[in-house]
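Engineer: Have a look at the structure that comes next, please.
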Amino acid sequence: MRLKLPNKSNIISLSLGSICALGNDPWALWHLSILSLIVWFWLIIANKVPKNIFKKTFLFGFGYFAISLIWIVEPFLVEPWIHGWIAPIALIVLPSFLALIWALFAFLGHYYLSSIGIVIGLSLAEYCRLYLLTGFPWATISYVLLDTKAEKWLSILGPYGLSLFLLLTCFTIAIILRVRKKINVFLAICMICILFFVPSFFEKESLKNLNVSVRLVQPNAVQEKKWSEKFAPIFFENMIEMTAQQPKPDIVIWPETSLYLPYNAAFEELDKMRTAAGESILIFGALKLDQTNFLKNSLIIENRNQDAVFYDKAKLVPFGEYLPFIDLMSYFKISERSNLFGWGFKKGNGPELLNLTNGLKFIPLICYEAIFPNFLKPSVKNADFILQITNDAWFGKSIGPQQHLAQLRIRAIEYGLPVIRVANTGITAIIDANGKVVENLAVNKSGFLDSFIPSRKKSTVYGLFGDLIFLLLILLTVAVAFIIKKFINQKNLNKRIY
């Protein structure tokens with residue numbers, strides 16, 4: 001019996017998808033991403049069989065997501081004797097699911113609109129990842145353009161409009177390589193110039209620091225020890241010591257779940273925190289039990305001049321903090337508390353704008369919420385900054401923290417707002433309104449960072465209109481695609497007649 005060798009074109013699609021992923025952080029090899037997209041479009045344009053379009057897109061997507069999301073195994077290795085068996089499954093299932101979304105939309109786009117429909121389908125697939133099965137928009141294709149001139153388009157087009165622009169540019173270049181016509185060459189040159197050179201002429205705003213000092217505390221509590229009866233009090237005392245250091249800043253910020261006891265029961269610990277903070281505003285993360293004995297993952301503001309303010313995390317991690325489709329699961333008698341933590345979490349009400357006693361207003365984000373670009377929109381107009389508290393200890397020593405930080409930098413560009421990020425094990429950072437990291441504490445380091453909050457920019461186009469611009473661009477692209485398809489069909493019909 002002879003073994004059947006894998007199809008070369010399938011291997012090429014899988015490999016090109018893997019190469020495309022290298023444009024994401026921490027590699028940032030965006031040249032390779034663009035090159036791989038061009039080559040893949042060049043290969044797939046000539047393919048007229050819908051079944052093959054589906055297969056090639058799935059393989060390209062699987063390669064892309066398998067590399068981009070390689071960190072997904074880390075949370076299951078914190079307690080490998082319990083959850084370790086899930087790690088290889090997660091590394092196959094999640095990329096497969098996301099690749100399936102790409103493949104389905106590319107197939108439908110090609111079926112109705114021919115080759116350019118693949119671009120439209122992929123762009124819509126990226127947008128739909130915001131919502132499908134509770135949403136998971138990690139590693140959006142436009143993120144490979146971070147730290148290039150093209151990143152400035154994020155403030156106008158947002159991540160999905162820029163994804164459409166990037167895919168159209170690569171598709172047009174691939175068309176040139178297939179059909180060498182002057183009009184195609186002209187279009188490709190125009191699109192490259194618009195994508196990479198036009199942003200240089202965007203209006204530049206001078207950015208200054210606000211006269212408000214902050215201290216960002218990074219305890220480096222590794223996940224294996226974070227909740228340990230032996231080590232948790234040690235991490236807590238280290239944070240108390242760092243908070244009490246002189247001179248005191250205006251605001252002290254601790255990371256997500258930095259209080260190792262539920263807020264309702266940590267009376268002595270809270271007294272210590274208030275004493276260490278003194279007159280400073282203290283912002284920290286803690287778990288809080290509600291009246292139904294469910295946990296809420298909360299951001300809490302404590303200050304002598306105001307009552308405690310609470311923000312409850314609204315975007316919970318599927319299967320980690322809650323079980324999606326619980327109504328369906330309850331039919332099969334699966335408990336709502338059957339998640340990675342072994343406890344039921346309840347979500348908050350959604351994005352909020354919180355006020356500080358010094359007059360500043362900020363949008364709070366807890367960990368996972370930062371990956372959703374549309375989550376912030378209702379609150380950005382009057383905000384002075386974005387604050388994310390997070391526990392990236394779940395990522396271990398993987399590439400997860402770098403990618404998480406990169407997505408937060410993109411939120412800064414989209415909305416023209418500075419970002420303060422306080423992470424348990426890093427990367428803690430201050431990001432200006434242009435998306436540049438001003439100061440940071442490296443991953444897996446204990447310490448604190450004193451600095452000032454940067455100023456915001458004027459409202460961005462994306463901040464005002466959100467993804468409406470992307471949806472209008474999609475409609476325009478679909479209309480053009482229909483016209484082109486009708487023209488080609490009419491031309492082919494005339495050839496057959498004559």
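How things are named: the first chain in the structure tokens is A, the next is B, and so on; residues count from 1 in each chain; ligands count from 1 in the order shown.
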Mind listing the strand (DSSP E) residues of stretch 155-373 of chain A, per DSSP on the backbone, as number ranges by chain?
Structural biologist: A: 209-218, 251-253, 281-289, 295-303, 306-312, 354-355, 361-366
Engineer: Extract, using only C-alpha atoms, all DNA, RNA and protein residues at most 8 Å from stretch 57-66 of chain A, discarding same-chain residues fewer than 4 positions from it, and format them as a ChimeraX atom specification.
Structural biologist: /A:10,13-21,53,70,91-92,95-96,98-100,102-103,106,139
Engineer: Report, in Å with one decimal, the straight-line distance from atom CA of A:Asp250 to atom CA of A:Leu356.
Structural biologist: 10.7 Å
Engineer: If you count only C-alpha atoms, which residues fall within 10 Å of stretch 225-232 of chain A, apart from same-chain ones fewer than 6 positions away, as a ChimeraX atom specification?
Structural biologist: /A:78,219,257-261,393,424
Engineer: Expressed in Å to a single decimal, how great is the separation between atom CA of A:Ile474 and atom CA of A:Ser114?
Structural biologist: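 Calculated distance between atom CA of A:Ile474 and atom CA of A:Ser114 is 15.3 Å.
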Engineer: Residues of stretch 146-184 of chain A that have any atom at most 8 Å from an atom of stretch 195-199 of chain A: could you tabulate them with the shortest-distance atom pair and the distance in Å to one decimal, using only C-alpha atoms, ordered by chain and increasing number, as JSON lines?
Structural biologist:
```
{"residue": "A:Thr148", "atom": "CA", "partner": "A:Phe196", "partner_atom": "CA", "distance": 7.7}
{"residue": "A:Lys149", "atom": "CA", "partner": "A:Phe196", "partner_atom": "CA", "distance": 5.4}
{"residue": "A:Ala150", "atom": "CA", "partner": "A:Phe196", "partner_atom": "CA", "distance": 4.9}
{"residue": "A:Lys152", "atom": "CA", "partner": "A:Pro199", "partner_atom": "CA", "distance": 6.0}
{"residue": "A:Trp153", "atom": "CA", "partner": "A:Pro199", "partner_atom": "CA", "distance": 6.9}
{"residue": "A:Phe165", "atom": "CA", "partner": "A:Leu195", "partner_atom": "CA", "distance": 7.5}
{"residue": "A:Leu166", "atom": "CA", "partner": "A:Leu195", "partner_atom": "CA", "distance": 7.6}
```
Engineer: Which is closest to A:Pro454 among A:Ala286, A:Ala174, A:Ile410, A:Ile431, if we use only C-alpha atoms?
Structural biologist: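 Under the stated criterion, the closest residue is A:Ile431.
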Engineer: Using only C-alpha atoms, which of the listed residues (A:Ser451, A:Asn434, A:Gln306, A:Ser115) sits closest to A:Ile175?
Structural biologist: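 Looking at the shortest contact to A:Ile175, the residue is A:Ser115.
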Engineer: Within stretch 201-328 of chain A, find each residue whose DSSP state, derived from the backbone, is alpha helix (DSSP H), and express the selection as number ranges by chain.
Structural biologist: A: 223-226, 232-244, 267-277, 326-328
Engineer: List as a PyMOL selection string the protein and nucleic acid residues near A:Val309, meaning an atom at most 9 Å away when only C-alpha atoms are counted, but skip any in the same chain fewer than 5 places from it.
Structural biologist: chain A and resi 299-302+354
